[in-house]
>>> print(open('target.tsv').read())   # TSV, C-alpha atoms
chain	number	residue	atom	x	y	z
V	253	MET	CA	0.00	0.00	0.00
V	254	GLY	CA	1.43	3.37	-1.02
V	255	ASP	CA	1.64	6.58	0.99
V	256	ASP	CA	-1.34	8.07	-0.86
V	257	GLU	CA	-3.59	5.13	0.03
V	258	ILE	CA	-2.48	5.24	3.67
V	259	LEU	CA	-3.26	8.94	3.89
V	260	LEU	CA	-6.69	8.43	2.33
V	261	LEU	CA	-7.53	5.64	4.79
V	262	TYR	CA	-6.33	7.78	7.65
V	263	LEU	CA	-8.47	10.67	6.44
V	264	LEU	CA	-11.52	8.39	6.35
V	265	TYR	CA	-10.76	7.22	9.87
V	266	VAL	CA	-10.52	10.81	11.06
V	267	ASN	CA	-13.81	11.80	9.45
V	268	CYS	CA	-15.61	8.81	10.98
V	269	ASN	CA	-14.30	9.24	14.51
V	270	HIS	CA	-14.33	13.05	14.73
V	271	LYS	CA	-11.30	12.97	16.99
V	272	LEU	CA	-9.21	15.23	14.83
V	273	ILE	CA	-9.80	18.38	12.87
V	274	VAL	CA	-8.51	18.39	9.29
V	275	ASN	CA	-7.90	21.79	7.74
V	276	ALA	CA	-6.68	22.55	4.21
V	277	TRP	CA	-6.54	19.14	2.55
V	278	THR	CA	-5.91	19.79	-1.13
V	279	SER	CA	-3.95	17.27	-3.16
V	280	LEU	CA	-1.82	14.17	-2.81
V	281	ASP	CA	1.40	15.58	-4.20
V	282	ALA	CA	4.47	16.10	-2.03
V	283	LYS	CA	3.43	19.59	-1.01
V	284	GLY	CA	-0.04	18.41	-0.17
V	285	ARG	CA	1.25	15.68	2.11
V	286	ILE	CA	3.44	18.08	4.02
V	287	ARG	CA	0.60	20.54	4.40
V	288	PHE	CA	-1.78	17.81	5.49
V	289	LYS	CA	0.50	16.75	8.32
V	290	ARG	CA	1.03	20.33	9.39
V	291	LYS	CA	-2.65	21.16	9.43
V	292	LEU	CA	-3.78	18.00	11.23
V	293	ILE	CA	-4.41	19.04	14.82
V	294	GLY	CA	-6.07	17.18	17.65
V	295	ALA	CA	-9.29	18.80	18.79
V	296	GLU	CA	-8.19	18.72	22.43
V	297	GLU	CA	-4.83	20.29	21.53
V	298	MET	CA	-6.54	23.02	19.49
V	299	ALA	CA	-8.82	23.89	22.39
V	300	LYS	CA	-5.89	23.91	24.80
V	301	ASN	CA	-3.70	26.13	22.63
V	302	LYS	CA	-6.42	28.55	21.54
V	303	PRO	CA	-5.76	31.91	23.23
V	304	SER	CA	-8.50	33.42	25.34
V	305	GLN	CA	-10.23	36.56	24.13
V	306	GLY	CA	-8.41	38.52	26.81
V	307	ALA	CA	-5.05	37.37	25.47
V	308	ARG	CA	-5.73	38.37	21.86
V	309	LYS	CA	-5.67	41.85	20.40
V	310	THR	CA	-8.09	42.11	17.50
V	311	GLU	CA	-8.65	44.85	14.96
V	312	THR	CA	-11.74	45.70	12.96
V	313	LEU	CA	-11.57	45.35	9.17
V	314	THR	CA	-14.48	46.39	6.96
V	315	LEU	CA	-14.84	44.54	3.65
V	316	ARG	CA	-17.16	45.11	0.68
V	317	LEU	CA	-18.06	41.68	-0.67
V	318	ASP	CA	-19.99	40.43	-3.65
V	319	PRO	CA	-23.33	39.07	-2.31
V	320	LYS	CA	-22.54	35.61	-3.69
V	321	VAL	CA	-19.16	35.53	-1.96
V	322	LYS	CA	-20.77	36.74	1.27
V	323	MET	CA	-23.26	33.88	1.10
V	324	MET	CA	-20.42	31.41	0.51
V	325	ILE	CA	-18.67	32.64	3.65
V	326	GLU	CA	-21.89	32.35	5.66
V	327	MET	CA	-22.45	28.77	4.46
V	328	ILE	CA	-18.85	27.82	5.22
V	329	SER	CA	-19.25	29.21	8.74
V	330	ARG	CA	-22.38	27.11	9.27
V	331	ILE	CA	-20.83	23.93	7.89
V	332	ARG	CA	-17.65	24.33	9.95
V	333	ARG	CA	-19.51	25.76	12.94
V	334	GLN	CA	-17.16	28.72	12.97
V	335	SER	CA	-17.76	32.42	13.20
V	336	ILE	CA	-17.51	34.39	9.95
V	337	THR	CA	-14.37	36.02	11.36
V	338	GLY	CA	-12.89	32.58	11.98
V	339	VAL	CA	-13.62	31.52	8.40
V	340	VAL	CA	-11.96	34.64	6.95
V	341	GLU	CA	-8.94	34.32	9.25
V	342	ALA	CA	-8.49	30.66	8.30
V	343	ALA	CA	-8.71	31.50	4.59
V	344	ILE	CA	-6.10	34.26	4.91
V	345	GLU	CA	-3.76	31.98	6.87
V	346	GLU	CA	-4.18	29.33	4.18
V	347	ILE	CA	-3.27	31.76	1.40
V	348	ALA	CA	-0.29	33.04	3.39
V	349	PHE	CA	0.96	29.49	3.87
V	350	ASP	CA	0.98	28.85	0.10
V	351	LEU	CA	2.03	32.31	-1.12
V	352	ASP	CA	5.71	32.99	-1.83
V	353	ALA	CA	7.24	36.22	-0.52
V	354	PRO	CA	10.66	37.65	-1.54
V	355	PHE	CA	12.45	37.45	1.84
V	356	PHE	CA	15.84	39.13	2.24
V	357	TYR	CA	18.23	37.48	4.70
V	358	LYS	CA	22.02	37.27	4.93
V	359	ASN	CA	22.54	39.26	1.71
V	360	GLU	CA	20.29	36.94	-0.28
V	361	THR	CA	16.68	37.12	-1.38
V	362	ASN	CA	14.82	33.82	-1.39
V	363	ASN	CA	11.18	32.84	-1.59
V	364	TRP	CA	9.69	32.11	1.81
V	365	SER	CA	6.07	31.32	2.48
V	366	LEU	CA	4.38	34.57	3.48
V	367	SER	CA	3.32	32.89	6.70
V	368	SER	CA	6.95	32.18	7.66
V	369	ALA	CA	8.03	35.67	6.60
V	370	ILE	CA	5.39	37.32	8.79
V	371	THR	CA	6.39	35.12	11.72
V	372	GLU	CA	9.98	36.35	11.32
V	373	VAL	CA	8.97	40.00	10.96
V	374	TRP	CA	6.16	40.19	13.50
V	375	SER	CA	6.38	42.15	16.74
V	376	THR	CA	3.70	43.70	18.90
V	377	ASP	CA	5.80	46.88	18.82
V	378	GLU	CA	4.92	48.89	15.70
V	379	SER	CA	8.38	50.42	15.27
V	380	GLU	CA	10.09	47.04	15.67
V	381	ARG	CA	7.70	45.45	13.22
V	382	PHE	CA	8.30	48.24	10.73
V	383	ILE	CA	12.10	48.05	10.64
V	384	ASN	CA	11.94	44.25	10.42
V	385	MET	CA	9.57	44.52	7.45
V	386	CYS	CA	11.75	47.13	5.75
V	387	TYR	CA	14.86	45.00	6.03
V	388	HIS	CA	13.40	41.58	5.21
V	389	LEU	CA	10.66	42.57	2.73
V	390	PRO	CA	12.04	45.70	1.01
V	391	THR	CA	10.39	45.06	-2.36
V	392	LEU	CA	6.92	45.07	-0.77
V	393	LEU	CA	7.12	48.55	0.77
V	394	THR	CA	4.70	51.27	-0.25
V	395	TYR	CA	6.00	54.70	-1.24
V	396	GLU	CA	5.09	56.12	2.19
V	397	GLU	CA	6.90	53.27	3.94
V	398	GLN	CA	9.96	53.82	1.76
V	399	ARG	CA	10.05	57.49	2.82
V	400	ILE	CA	10.01	56.54	6.50
V	401	TRP	CA	12.69	53.89	5.99
V	402	GLU	CA	14.93	56.24	4.01
V	403	THR	CA	14.54	58.86	6.74
V	404	ILE	CA	15.58	56.34	9.40
V	405	LYS	CA	18.69	55.41	7.43
V	406	ALA	CA	19.56	59.08	6.84
V	407	SER	CA	19.23	60.12	10.49
V	408	LYS	CA	22.22	59.79	12.83
V	409	VAL	CA	19.99	59.42	15.87
V	410	PHE	CA	18.78	56.05	14.54
V	411	LEU	CA	22.20	54.60	13.70
V	412	ALA	CA	23.81	52.29	16.25
V	413	THR	CA	27.06	53.32	17.95
V	414	ASP	CA	29.44	51.64	20.38
V	415	THR	CA	27.17	52.67	23.26
V	416	THR	CA	23.95	51.36	21.73
V	417	VAL	CA	22.21	48.78	23.90
V	418	MET	CA	19.43	47.61	21.55
V	419	GLU	CA	20.56	47.27	17.96
V	420	THR	CA	19.45	45.16	15.03
V	421	PHE	CA	21.23	41.83	14.62
V	422	TRP	CA	21.52	42.59	10.89
V	423	GLU	CA	23.47	45.34	9.16
V	424	ILE	CA	22.55	47.59	6.26
V	425	GLU	CA	25.31	47.75	3.69
V	426	GLY	CA	27.13	51.08	3.87
V	427	ILE	CA	25.16	52.19	6.94
V	428	GLY	CA	25.55	49.64	9.72
V	429	ARG	CA	23.06	48.60	12.35
V	430	ILE	CA	19.90	50.41	13.41
V	431	ASP	CA	19.38	51.55	17.01
V	432	ARG	CA	16.07	49.86	17.78
V	433	SER	CA	15.65	51.64	21.09
V	434	SER	CA	16.03	55.07	19.49
V	435	VAL	CA	13.51	54.25	16.76
V	436	ARG	CA	11.07	53.09	19.43
V	437	ILE	CA	11.51	56.23	21.55
V	438	TRP	CA	11.08	58.68	18.67
V	439	TRP	CA	8.64	56.66	16.55
V	440	THR	CA	5.64	59.00	16.84
V	441	TYR	CA	7.78	62.08	16.25
V	442	LEU	CA	9.42	60.37	13.26
V	443	LEU	CA	6.06	59.70	11.61
V	444	GLU	CA	5.03	63.32	12.12
V	445	HIS	CA	8.36	64.50	10.70
V	446	VAL	CA	8.04	62.39	7.56
V	447	ASP	CA	4.47	63.58	7.05
V	448	GLU	CA	5.53	67.22	7.40
V	449	HIS	CA	8.17	66.76	4.70
V	450	LYS	CA	6.20	64.45	2.41
V	451	ASP	CA	6.34	66.97	-0.45
V	452	SER	CA	10.11	67.40	-0.22
V	453	ARG	CA	12.00	66.05	-3.22
V	454	THR	CA	14.80	64.88	-0.95
V	455	ILE	CA	14.86	63.01	2.35
V	456	VAL	CA	15.02	65.33	5.35
V	457	PRO	CA	16.94	63.69	8.23
V	458	PHE	CA	15.14	63.52	11.55
V	459	GLU	CA	16.48	65.32	14.60
V	460	PRO	CA	14.95	64.88	18.07
V	461	PRO	CA	12.92	67.95	19.08
V	462	PHE	CA	14.51	67.97	22.55
>>> encode(input="target.tsv", output="structure tokens")
Amino acid sequence: MGDDEILLLYLLYVNCNHKLIVNAWTSLDAKGRIRFKRKLIGAEEMAKNKPSQGARKTETLTLRLDPKVKMMIEMISRIRRQSITGVVEAAIEEIAFDLDAPFFYKNETNNWSLSSAITEVWSTDESERFINMCYHLPTLLTYEEQRIWETIKASKVFLATDTTVMETFWEIEGIGRIDRSSVRIWWTYLLEHVDEHKDSRTIVPFEPPF
């Protein structure tokens, strides 16, 4: 009996016993098998690992959907016994798992799954998250994000020195490391500074107001 047949029998067993939750089964190729194993989670384990509402920070996102698509989402939520939010989140996570992102690391750009790239970049601190994104995903920056990033690199206050305590573990060629603590301290002022000089044809370095 081949691997494909074993997986199919196992899937039937799972569906009959309802002891496991199977998410994102697609095909029986090599990638499908890997994804199947990754997405197969015990129901008890899922309940145990699911963060409480108090532990999660959520944000509101308003979407304009085609009525047919909206109905599809509603039917999926009923079939899976999930909230509509849960259905949308699961769909986004599924896309991110399969989508390649140009990830820069150690002077090389390679395709990572977007899910892995976000895991590497993510921080609950907005300034930390931003500089990680700028370094690892530079080709995905918007024009406004590029202006902020260029301002950081052009400002001495944000460049690490011998006395810097919190610096990036990576270096920018020709510039050096970024002082993460300084970016965090002056983050709000930096955003205001960039907005004030958004019409400037050149980057205006940031200087602390006091």
>>> closest_residue(input="target.tsv", among="V:Ser335, V:Thr403, V:Ser434, V:Thr440", to="Met418 (chain V)", atoms="all atoms listed in the file")
V:Ser434
>>> closest_residue(input="target.tsv", among="V:Tyr395, V:Trp439, V:Trp364, V:Phe349", to="Ile383 (chain V)", atoms="only C-alpha atoms")
V:Trp439
>>> residues_around(input="target.tsv", residues="Arg432 (chain V)", least_positions_apart="2", cutoff="10 Å", atoms="all atoms listed in the file", output="mmCIF file with C-alpha atoms, in the frame of the given file")
data_model
loop_
_atom_site.group_PDB
_atom_site.id
_atom_site.type_symbol
_atom_site.label_atom_id
_atom_site.label_comp_id
_atom_site.auth_asym_id
_atom_site.auth_seq_id
_atom_site.Cartn_x
_atom_site.Cartn_y
_atom_site.Cartn_z
ATOM 1 C CA SER V 379 8.380 50.420 15.270
ATOM 2 C CA GLU V 380 10.090 47.040 15.670
ATOM 3 C CA ILE V 383 12.100 48.050 10.640
ATOM 4 C CA PHE V 410 18.780 56.050 14.540
ATOM 5 C CA LEU V 411 22.200 54.600 13.700
ATOM 6 C CA ALA V 412 23.810 52.290 16.250
ATOM 7 C CA THR V 416 23.950 51.360 21.730
ATOM 8 C CA VAL V 417 22.210 48.780 23.900
ATOM 9 C CA MET V 418 19.430 47.610 21.550
ATOM 10 C CA GLU V 419 20.560 47.270 17.960
ATOM 11 C CA THR V 420 19.450 45.160 15.030
ATOM 12 C CA ARG V 429 23.060 48.600 12.350
ATOM 13 C CA ILE V 430 19.900 50.410 13.410
ATOM 14 C CA SER V 434 16.030 55.070 19.490
ATOM 15 C CA VAL V 435 13.510 54.250 16.760
ATOM 16 C CA ARG V 436 11.070 53.090 19.430
ATOM 17 C CA ILE V 437 11.510 56.230 21.550
#
>>> closest_residue(input="target.tsv", among="V:Glu341, V:Asp447, V:Asp431, V:Asp352", to="Ile404 (chain V)", atoms="all atoms listed in the file")
V:Asp431
>>> closest_residue(input="target.tsv", among="V:Arg333, V:Trp438, V:Leu351, V:Glu378", to="Ser365 (chain V)", atoms="only C-alpha atoms")
V:Leu351
